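This is upload.cif (mmCIF, C-alpha atoms).
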```cif
data_query
loop_
_atom_site.label_atom_id
_atom_site.label_comp_id
_atom_site.auth_asym_id
_atom_site.auth_seq_id
_atom_site.Cartn_x
_atom_site.Cartn_y
_atom_site.Cartn_z
CA MET A 551 -59.12 -47.54 131.83
CA ALA A 552 -62.32 -48.38 133.68
CA GLU A 553 -63.01 -51.89 135.00
CA SER A 554 -66.54 -53.24 134.84
CA THR A 555 -68.27 -56.61 135.05
CA ALA A 556 -69.82 -57.92 131.84
CA ARG A 557 -73.25 -57.57 133.42
CA ASP A 558 -72.77 -53.91 134.38
CA LEU A 559 -71.28 -53.10 130.99
CA CYS A 560 -74.29 -54.68 129.28
CA ALA A 561 -76.60 -52.52 131.37
CA LEU A 562 -74.74 -49.29 130.57
CA ALA A 563 -74.50 -50.11 126.85
CA ALA A 564 -78.23 -50.86 126.74
CA LYS A 565 -79.01 -47.56 128.44
CA ALA A 566 -76.83 -45.76 125.89
CA LEU A 567 -78.78 -47.30 123.02
CA VAL A 568 -82.15 -46.59 124.63
CA GLY A 569 -81.01 -43.00 125.08
CA GLN A 570 -80.55 -42.84 121.30
CA GLY A 571 -84.11 -44.04 120.69
CA MET A 572 -83.69 -47.82 120.43
CA SER A 573 -86.36 -50.01 122.05
CA GLU A 574 -85.34 -51.63 125.35
CA GLY A 575 -85.60 -55.19 124.04
CA LEU A 576 -83.46 -54.54 120.98
CA ALA A 577 -81.03 -52.42 123.00
CA ARG A 578 -80.40 -55.31 125.41
CA GLU A 579 -79.71 -57.73 122.56
CA VAL A 580 -77.38 -55.34 120.75
CA ALA A 581 -75.55 -54.39 123.95
CA GLU A 582 -74.91 -58.07 124.66
CA GLU A 583 -73.36 -58.53 121.21
CA PHE A 584 -70.80 -55.81 121.91
CA VAL A 585 -69.99 -57.17 125.37
CA VAL A 586 -69.62 -60.70 124.00
CA ALA A 587 -67.05 -59.30 121.57
CA GLU A 588 -65.16 -57.79 124.52
CA LEU A 589 -65.23 -61.13 126.36
CA ALA A 590 -63.99 -62.93 123.25
CA GLY A 591 -61.11 -60.47 122.91
CA VAL A 592 -62.52 -59.02 119.65
CA LYS A 593 -62.26 -55.41 120.79
CA THR A 594 -62.56 -54.08 117.24
CA HIS A 595 -66.24 -55.10 117.50
CA GLY A 596 -66.61 -54.26 121.17
CA ILE A 597 -67.91 -51.28 123.13
CA GLY A 598 -65.63 -48.85 121.30
CA LYS A 599 -67.53 -49.63 118.12
CA LEU A 600 -70.90 -49.07 119.77
CA VAL A 601 -70.13 -45.43 120.51
CA SER A 602 -68.95 -44.80 116.94
CA LEU A 603 -72.03 -46.06 115.09
CA ASN A 604 -74.57 -44.09 113.12
CA LEU A 605 -77.77 -45.88 114.18
CA GLY A 606 -79.76 -44.72 111.18
CA ASP A 607 -83.52 -44.18 111.30
CA LEU A 608 -84.97 -46.40 114.02
CA ASN A 609 -88.50 -45.77 112.73
CA ALA A 610 -87.86 -46.45 109.04
CA ALA A 611 -90.01 -49.05 107.29
CA PRO A 612 -88.14 -51.00 104.60
CA LYS A 613 -89.50 -51.31 101.07
CA ILE A 614 -89.69 -54.99 100.18
CA GLN A 615 -90.23 -56.56 96.77
CA GLU A 616 -90.76 -60.32 96.70
CA HIS A 617 -89.79 -62.33 93.63
CA GLY A 618 -90.34 -65.98 94.49
CA ALA A 619 -87.54 -67.02 96.84
CA LEU A 620 -85.73 -63.69 96.43
CA LEU A 621 -86.38 -60.53 98.42
CA SER A 622 -85.17 -57.15 97.16
CA ILE A 623 -85.06 -54.74 100.09
CA ASP A 624 -84.49 -50.99 100.31
CA GLY A 625 -83.71 -50.31 103.97
CA CYS A 626 -84.74 -46.64 103.60
CA ARG A 627 -81.77 -45.56 105.74
CA GLY A 628 -83.12 -47.64 108.61
CA ASN A 629 -81.28 -49.14 111.57
CA GLY A 630 -79.27 -52.20 110.53
CA PHE A 631 -79.62 -54.07 113.83
CA LYS A 632 -83.40 -53.93 113.62
CA LEU A 633 -83.60 -54.53 109.86
CA PHE A 634 -81.39 -57.61 109.70
CA ARG A 635 -83.18 -59.27 112.59
CA GLU A 636 -86.36 -58.80 110.59
CA ILE A 637 -84.70 -60.17 107.45
CA ALA A 638 -83.43 -63.24 109.31
CA GLY A 639 -87.03 -63.91 110.34
CA MET A 640 -88.22 -63.50 106.75
CA LEU A 641 -85.66 -66.02 105.48
CA ILE A 642 -86.57 -68.55 108.17
CA GLU A 643 -90.24 -68.20 107.29
CA ARG A 644 -89.74 -68.49 103.52
CA CYS A 645 -86.96 -71.09 103.29
CA PRO A 646 -89.24 -74.17 103.63
CA ARG A 647 -91.34 -73.04 100.65
CA ASN A 648 -88.62 -73.42 98.03
CA GLY A 649 -85.71 -74.93 99.94
CA ILE A 650 -83.87 -71.62 99.63
CA SER A 651 -84.53 -67.98 100.41
CA ALA A 652 -82.38 -64.93 99.74
CA ALA A 653 -82.42 -61.21 100.45
CA PHE A 654 -80.47 -58.51 98.61
CA VAL A 655 -80.44 -55.33 100.67
CA HIS A 656 -79.21 -51.75 100.35
CA ASN A 657 -79.57 -48.37 102.08
CA PHE A 658 -79.26 -49.24 105.78
CA SER A 659 -77.02 -48.30 108.71
CA ARG A 660 -74.27 -50.61 109.92
CA TYR A 661 -75.19 -53.62 112.04
CA SER A 662 -71.71 -54.48 113.36
CA SER A 663 -70.96 -58.24 113.36
CA LEU A 664 -72.58 -60.67 110.92
CA TYR A 665 -72.71 -63.80 113.08
CA PRO A 666 -75.79 -62.87 115.18
CA TYR A 667 -77.96 -62.95 112.05
CA THR A 668 -76.52 -66.07 110.41
CA SER A 669 -76.64 -67.86 113.77
CA ARG A 670 -80.36 -67.11 114.09
CA VAL A 671 -81.03 -68.71 110.73
CA ALA A 672 -78.74 -71.68 111.37
CA LYS A 673 -80.39 -72.40 114.73
CA ALA A 674 -83.64 -72.76 112.78
CA GLY A 675 -81.97 -75.54 110.79
CA TYR A 676 -80.70 -73.78 107.67
CA ALA A 677 -77.22 -73.36 106.21
CA THR A 678 -76.70 -69.66 105.69
CA LEU A 679 -74.30 -67.00 104.52
CA LEU A 680 -74.34 -63.23 104.86
CA ALA A 681 -71.90 -60.79 103.27
CA ASN A 682 -71.89 -57.04 102.97
CA SER A 683 -69.92 -54.39 101.17
CA ALA A 684 -68.33 -52.27 103.86
CA GLY A 685 -67.23 -49.03 102.25
CA PRO A 686 -66.39 -46.31 101.65
CA ALA A 687 -63.17 -47.30 99.92
CA ALA A 688 -60.61 -48.85 102.25
CA VAL A 689 -59.03 -51.98 100.72
CA THR A 690 -56.35 -51.80 98.02
CA PRO A 691 -56.57 -54.01 94.94
CA PHE A 692 -53.76 -56.57 94.88
CA GLY A 693 -50.60 -54.80 93.74
CA SER A 694 -52.01 -51.31 94.39
CA VAL A 695 -51.64 -48.80 97.22
CA ASP A 696 -54.91 -46.94 96.53
CA PRO A 697 -58.09 -47.77 98.48
CA LEU A 698 -60.98 -48.94 96.30
CA THR A 699 -63.28 -51.50 97.96
CA GLY A 700 -64.72 -52.03 101.43
CA THR A 701 -63.41 -54.45 104.03
CA ASN A 702 -66.32 -56.66 102.92
CA PRO A 703 -66.90 -59.30 105.62
CA ILE A 704 -68.55 -62.65 104.93
CA CYS A 705 -70.07 -65.06 107.41
CA PHE A 706 -71.23 -68.68 107.13
CA SER A 707 -73.26 -70.50 109.79
CA PHE A 708 -74.12 -74.21 109.65
CA PRO A 709 -76.70 -76.02 111.81
CA LYS A 710 -75.51 -78.73 114.18
CA PRO A 711 -77.52 -80.99 116.52
CA LYS A 712 -79.20 -79.58 119.63
CA GLY A 713 -79.44 -76.03 118.29
CA GLN A 714 -75.68 -75.57 118.02
CA VAL A 715 -74.06 -73.85 115.05
CA GLN A 716 -70.61 -73.64 113.48
CA THR A 717 -69.79 -70.15 112.24
CA PHE A 718 -67.00 -68.77 110.06
CA ASP A 719 -67.01 -64.94 110.23
CA PHE A 720 -64.21 -62.85 108.73
CA ALA A 721 -63.39 -59.64 106.89
CA THR A 722 -61.64 -59.79 103.53
CA SER A 723 -59.13 -57.11 104.53
CA GLU A 724 -55.86 -58.20 106.13
CA VAL A 725 -56.92 -56.43 109.34
CA VAL A 726 -60.39 -55.08 110.12
CA TRP A 727 -60.86 -51.32 109.74
CA GLY A 728 -62.05 -51.15 113.35
CA ALA A 729 -58.46 -51.72 114.44
CA ILE A 730 -57.85 -48.05 113.58
CA ARG A 731 -60.61 -46.89 115.89
CA GLN A 732 -59.50 -49.20 118.69
CA ALA A 733 -55.85 -48.13 118.44
CA ALA A 734 -56.89 -44.46 118.52
CA ILE A 735 -59.14 -44.98 121.54
CA GLU A 736 -56.42 -46.84 123.45
CA GLY A 737 -53.58 -44.56 122.30
CA LYS A 738 -51.67 -47.45 120.72
CA ALA A 739 -49.86 -47.99 117.44
CA LEU A 740 -51.29 -50.18 114.70
CA PRO A 741 -49.60 -53.43 113.64
CA THR A 742 -46.82 -52.95 111.11
CA GLY A 743 -47.61 -53.95 107.54
CA PRO A 744 -51.34 -53.90 106.72
CA PHE A 745 -52.06 -50.16 106.79
CA LEU A 746 -50.88 -47.56 104.26
CA ASP A 747 -50.81 -43.77 104.32
CA ALA A 748 -51.80 -41.45 101.46
CA ALA A 749 -48.33 -41.77 99.92
CA GLY A 750 -48.68 -45.56 99.83
CA ASP A 751 -46.18 -46.16 102.61
CA VAL A 752 -46.75 -48.47 105.57
CA THR A 753 -47.95 -46.62 108.67
CA THR A 754 -48.73 -47.57 112.25
CA ILE A 755 -50.30 -44.19 113.14
CA PRO A 756 -54.14 -44.36 113.17
CA SER A 757 -54.66 -40.77 111.98
CA GLU A 758 -52.42 -41.33 108.93
CA VAL A 759 -54.20 -44.41 107.55
CA ASN A 760 -55.55 -44.11 104.01
CA ALA A 761 -55.92 -47.78 103.07
CA VAL A 762 -55.57 -51.38 104.25
CA ARG A 763 -54.31 -54.33 102.26
CA GLY A 764 -56.65 -57.16 101.31
CA PHE A 765 -56.03 -60.59 102.79
CA GLY A 766 -54.72 -63.61 100.90
CA GLY A 767 -52.99 -61.99 97.96
CA ARG A 768 -54.64 -62.22 94.53
CA LYS A 769 -57.22 -64.80 95.60
CA GLY A 770 -58.16 -62.87 98.71
CA PHE A 771 -58.76 -59.71 96.73
CA ALA A 772 -60.81 -61.67 94.20
CA LEU A 773 -63.15 -62.71 97.04
CA ASN A 774 -63.25 -59.13 98.34
CA LEU A 775 -64.14 -57.83 94.88
CA ALA A 776 -66.81 -60.50 94.35
CA ILE A 777 -68.48 -59.38 97.58
CA GLU A 778 -68.29 -55.75 96.44
CA ILE A 779 -70.18 -56.77 93.29
CA LEU A 780 -72.73 -59.16 94.82
CA ALA A 781 -73.41 -57.10 97.95
CA GLY A 782 -72.86 -53.60 96.58
CA ILE A 783 -73.91 -53.35 92.95
CA LEU A 784 -76.36 -56.27 92.67
CA PRO A 785 -78.76 -55.14 95.44
CA GLY A 786 -78.92 -51.60 94.02
CA GLY A 787 -76.19 -49.94 96.04
CA ARG A 788 -72.85 -48.55 94.93
CA ALA A 789 -69.32 -49.86 94.78
CA GLY A 790 -65.71 -48.72 94.70
CA MET A 791 -65.10 -44.98 94.72
CA GLU A 792 -68.79 -44.35 93.98
CA CYS A 793 -69.59 -45.48 97.53
CA GLU A 794 -69.60 -42.31 99.62
CA SER A 795 -71.24 -43.44 102.88
CA GLU A 796 -72.43 -46.57 104.67
CA PHE A 797 -75.90 -46.07 103.17
CA ASP A 798 -74.44 -46.69 99.71
CA CYS A 799 -73.38 -50.18 100.81
CA GLY A 800 -75.40 -53.36 100.51
CA ALA A 801 -75.64 -57.00 101.57
CA PHE A 802 -76.82 -60.40 100.45
CA PHE A 803 -78.23 -62.96 102.89
CA ILE A 804 -79.02 -66.53 101.80
CA ALA A 805 -80.59 -69.47 103.66
CA ILE A 806 -80.61 -73.06 102.36
CA ASP A 807 -82.69 -75.94 103.70
CA PRO A 808 -80.50 -79.10 103.85
CA LYS A 809 -83.65 -81.19 103.55
CA PHE A 810 -84.02 -80.14 99.91
CA ALA A 811 -80.35 -79.71 98.99
CA GLY A 812 -79.63 -83.45 98.81
CA ALA A 813 -78.02 -84.30 102.13
CA GLY A 814 -81.16 -84.04 104.24
CA ALA A 815 -81.12 -82.38 107.63
CA GLU A 816 -79.72 -85.39 109.51
CA GLY A 817 -77.25 -86.34 106.80
CA PHE A 818 -75.94 -82.79 106.65
CA ALA A 819 -75.45 -82.55 110.41
CA GLN A 820 -73.63 -85.88 110.51
CA GLY A 821 -71.44 -85.08 107.52
CA LEU A 822 -70.57 -81.67 108.96
CA GLU A 823 -69.59 -83.19 112.29
CA ARG A 824 -67.38 -85.83 110.63
CA LEU A 825 -65.62 -83.14 108.63
CA LEU A 826 -65.05 -80.89 111.66
CA VAL A 827 -63.70 -83.84 113.63
CA ALA A 828 -61.30 -84.58 110.77
CA VAL A 829 -60.10 -80.96 110.75
CA ARG A 830 -59.47 -80.98 114.49
CA GLY A 831 -57.78 -84.38 114.31
CA SER A 832 -55.38 -83.48 111.52
CA ARG A 833 -51.66 -83.48 112.29
CA PRO A 834 -50.51 -80.06 113.57
CA GLU A 835 -47.41 -78.28 112.29
CA ASP A 836 -46.57 -77.52 115.92
CA PRO A 837 -47.36 -80.51 118.21
CA SER A 838 -48.04 -78.12 121.09
CA VAL A 839 -50.74 -76.24 119.15
CA PRO A 840 -53.81 -78.34 118.29
CA VAL A 841 -55.62 -77.74 115.01
CA ARG A 842 -58.99 -76.02 115.40
CA ALA A 843 -61.87 -75.67 112.97
CA PRO A 844 -62.94 -72.14 112.03
CA GLY A 845 -65.40 -70.86 114.61
CA ASP A 846 -64.30 -73.18 117.43
CA ARG A 847 -63.24 -70.19 119.51
CA GLY A 848 -65.70 -67.70 118.08
CA ARG A 849 -68.19 -65.47 119.83
CA ASN A 850 -70.88 -68.14 119.57
CA SER A 851 -68.95 -70.02 122.25
CA ILE A 852 -69.27 -67.16 124.79
CA SER A 853 -72.07 -67.35 127.39
CA LEU A 854 -73.07 -64.17 129.21
CA ASP A 855 -75.01 -66.27 131.71
CA ARG A 856 -71.77 -68.04 132.59
CA ASP A 857 -69.43 -65.06 132.26
CA HIS A 858 -71.55 -62.17 133.59
CA GLU A 859 -69.13 -61.49 136.47
CA ARG A 860 -66.01 -61.43 134.31
CA LYS A 861 -64.15 -58.13 134.47
CA ILE A 862 -63.62 -56.03 131.33
CA LEU A 863 -61.34 -53.03 130.89
CA VAL A 864 -62.81 -50.22 128.77
CA PRO A 865 -61.24 -46.80 128.08
CA ASP A 866 -62.66 -44.06 130.30
CA THR A 867 -63.54 -41.99 127.23
CA VAL A 868 -65.82 -44.78 125.95
CA ILE A 869 -67.59 -45.09 129.31
CA GLU A 870 -68.17 -41.33 129.32
CA MET A 871 -69.55 -41.41 125.77
CA MET A 872 -72.03 -44.15 126.71
CA ARG A 873 -73.20 -42.11 129.68
CA ARG A 874 -73.74 -39.12 127.42
CA MET A 875 -75.63 -41.30 124.94
CA ALA A 876 -77.81 -42.64 127.77
CA ALA A 877 -78.69 -39.05 128.64
CA GLY A 878 -79.92 -38.54 125.07
CA GLU A 879 -76.93 -36.63 123.74
CA SER A 880 -75.87 -37.30 120.16
CA VAL A 881 -72.21 -38.25 120.48
CA ALA A 882 -70.34 -37.45 117.27
CA GLU A 883 -66.65 -37.52 118.25
CA LEU A 884 -66.13 -40.94 116.68
CA ALA A 885 -69.14 -41.34 114.40
CA SER A 886 -68.14 -38.23 112.43
CA ASN A 887 -64.69 -39.65 111.68
CA PRO A 888 -64.82 -41.79 108.51
CA LEU A 889 -61.71 -43.69 109.59
CA PHE A 890 -63.63 -45.16 112.49
CA ASN A 891 -66.51 -46.64 110.47
#
```
Would you mind writing the file's structure down as structure tokens?
Amino acid sequence: MAESTARDLCALAAKALVGQGMSEGLAREVAEEFVVAELAGVKTHGIGKLVSLNLGDLNAAPKIQEHGALLSIDGCRGNGFKLFREIAGMLIERCPRNGISAAFVHNFSRYSSLYPYTSRVAKAGYATLLANSAGPAAVTPFGSVDPLTGTNPICFSFPKPKGQVQTFDFATSEVVWGAIRQAAIEGKALPTGPFLDAAGDVTTIPSEVNAVRGFGGRKGFALNLAIEILAGILPGGRAGMECESEFDCGAFFIAIDPKFAGAGAEGFAQGLERLLVAVRGSRPEDPSVPVRAPGDRGRNSISLDRDHERKILVPDTVIEMMRRMAAGESVAELASNPLFN
């Protein structure tokens, strides 16, 4: 394992992305997202994920159809990090017109975590949610051992006073698919229970994984399946076993202006804060473990300005891959493995 400060790791990650054709400004932002994940202990969305991504076409121009408050977007196999920043800007611009704006998107490369995009919209004063189908098939229907749907994350961000946001960001699989990649990189076993092999038996060996269970039993799979429909089929993508690559997946992204929804901007912020205080103040099952609201310890709470000297351990193989990427080499060891995406 190699030890690096957060600042130095950001610099190397940005160089790796620039070496793959990303603009310097976007590369810095994206690199920081991956390092923030490392600092937050979310290694499944950390630097190991950066070196496994297909960045898509960084020069692609999306095809956009506007239907009132709704945008229908074909990403034309473009880069997800770039595209969804642009979409967040479109929603912020359009939301005041009708009190709501929405985008249904397909045919784009992965953009890693959802919270950077919902947070942008929430900081502009709008309640927002973003969900995407995340195939090919990985999650088993409740009661099955066969993979069918994606891990299908969903993220909500709500505006609070002084530009703060409260974010709930989670996959609808019991464990994120990236845990396979991270376990393989670190040479560790997977947790016992969530992952199944081709025979339908529980496995802890990354190379044997064929499927992952959905979270929350029947109700959890119902949410996973609803996302597969709304984010996969509805935008014009594919779903289930018809989804063969990440470019077959889709997303929906919605922004709502509290001013027009009934509460008003100030009333919404005050009501949200009262509710979050009530959650945190509720009686804990274990007196030594205080109750937290979703998002209280999320990546939005990490500050690179404050934590830039913190040390991070990263596998040597990942550091070497980033150096090769920075030199312009197309690194395919992880990106070519469907288990890692």
Any chance you could resolve the PyMOL selection byres ((chain A and resi 811) around 12) against this file and give the residues as a short mmCIF file (atom, residue, chain, number, x, y, z; two decimals) with C-alpha atoms, in the coordinates of the input?
```cif
data_model
loop_
_atom_site.label_atom_id
_atom_site.label_comp_id
_atom_site.auth_asym_id
_atom_site.auth_seq_id
_atom_site.Cartn_x
_atom_site.Cartn_y
_atom_site.Cartn_z
CA CYS A 645 -86.96 -71.09 103.29
CA PRO A 646 -89.24 -74.17 103.63
CA ASN A 648 -88.62 -73.42 98.03
CA GLY A 649 -85.71 -74.93 99.94
CA ILE A 650 -83.87 -71.62 99.63
CA TYR A 676 -80.70 -73.78 107.67
CA ALA A 677 -77.22 -73.36 106.21
CA ALA A 805 -80.59 -69.47 103.66
CA ILE A 806 -80.61 -73.06 102.36
CA ASP A 807 -82.69 -75.94 103.70
CA PRO A 808 -80.50 -79.10 103.85
CA LYS A 809 -83.65 -81.19 103.55
CA PHE A 810 -84.02 -80.14 99.91
CA GLY A 812 -79.63 -83.45 98.81
CA ALA A 813 -78.02 -84.30 102.13
CA GLY A 814 -81.16 -84.04 104.24
CA ALA A 815 -81.12 -82.38 107.63
CA GLU A 816 -79.72 -85.39 109.51
CA GLY A 817 -77.25 -86.34 106.80
CA PHE A 818 -75.94 -82.79 106.65
#
```
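Nearest to A:Asp719 of all the residues A:Leu679, A:Ala739, A:Ala877, A:Ala749 is A:Leu679, counting only C-alpha atoms.
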>> As a check of understanding, name the residues that the PyMOL selection byres ((chain A and resi 584-598) around 9) selects in the supplied structure, as a PyMOL selection string.
In response: chain A and resi 556-557+559-560+563+580-583+599-602+662-663+726-732+735+847-854+857+860-865+868-869+872
>> Which residues would end up in the selection if the PyMOL selection byres ((chain A and resi 841) around 8) were applied here, given that I need the answer as a ChimeraX atom specification?
In response: /A:829-834,839-840,842-843
> Can you find the residues with an atom no farther than 12 Å from (-86.8, -58.6, 110.0), counting only C-alpha atoms, and report them as a VMD selection string?
Replying inline: chain A and resid 611 to 614 621 623 625 628 to 643 653 655 667 670 to 671 803
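Between atom CA of A:Ile755 and atom CA of A:Met871 lies a distance of 23.2 Å.
With all atoms listed in the file as the basis for measurement, A:Ser757 is the residue among A:Leu620, A:Ser757, A:Ala828, A:Pro837 that approaches A:Gly737 most closely.
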>> Env of A:Gly782: 12 Å cut, atoms = only C-alpha atoms, seq-sep filter 3 positions within chain, self excluded. Answer as a ChimeraX atom specification.
In response: /A:654-657,681-686,699-700,702,774-779,785-793,796-802
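The closest residue to A:Thr717, picked from A:Arg763, A:His858, A:Lys738, A:Lys673 and counting all atoms listed in the file, is A:Lys673.
Counting all atoms listed in the file, the residue from A:Ser880, A:Val752, A:Glu724, A:Phe692 that sits nearest to A:Arg768 is A:Phe692.
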> Hey, can you check how far atom CA of A:Gly713 sits from atom CA of A:Glu574?
Replying inline: 26.1 Å
>> Using only C-alpha atoms for the distances, tell me which of A:Pro741, A:Gly845, A:Gly750, A:Gly571 is nearest to A:Phe708.
In response: A:Gly845
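Distance check against A:Gly693 using only C-alpha atoms: of A:Gly675, A:Pro709, A:Gly767, A:Pro744, the minimum falls on A:Gly767.
Using only C-alpha atoms, the protein and nucleic acid residues lying no more than 7 Å from A:Pro756, apart from those fewer than 3 places from it along its own chain, are Ile730, Ala733, Ala734, Leu740 and Val759 of chain A.
For the atom pair formed by atom CA of A:Asp866 and atom CA of A:Tyr661, the distance is 24.1 Å, given to one decimal.
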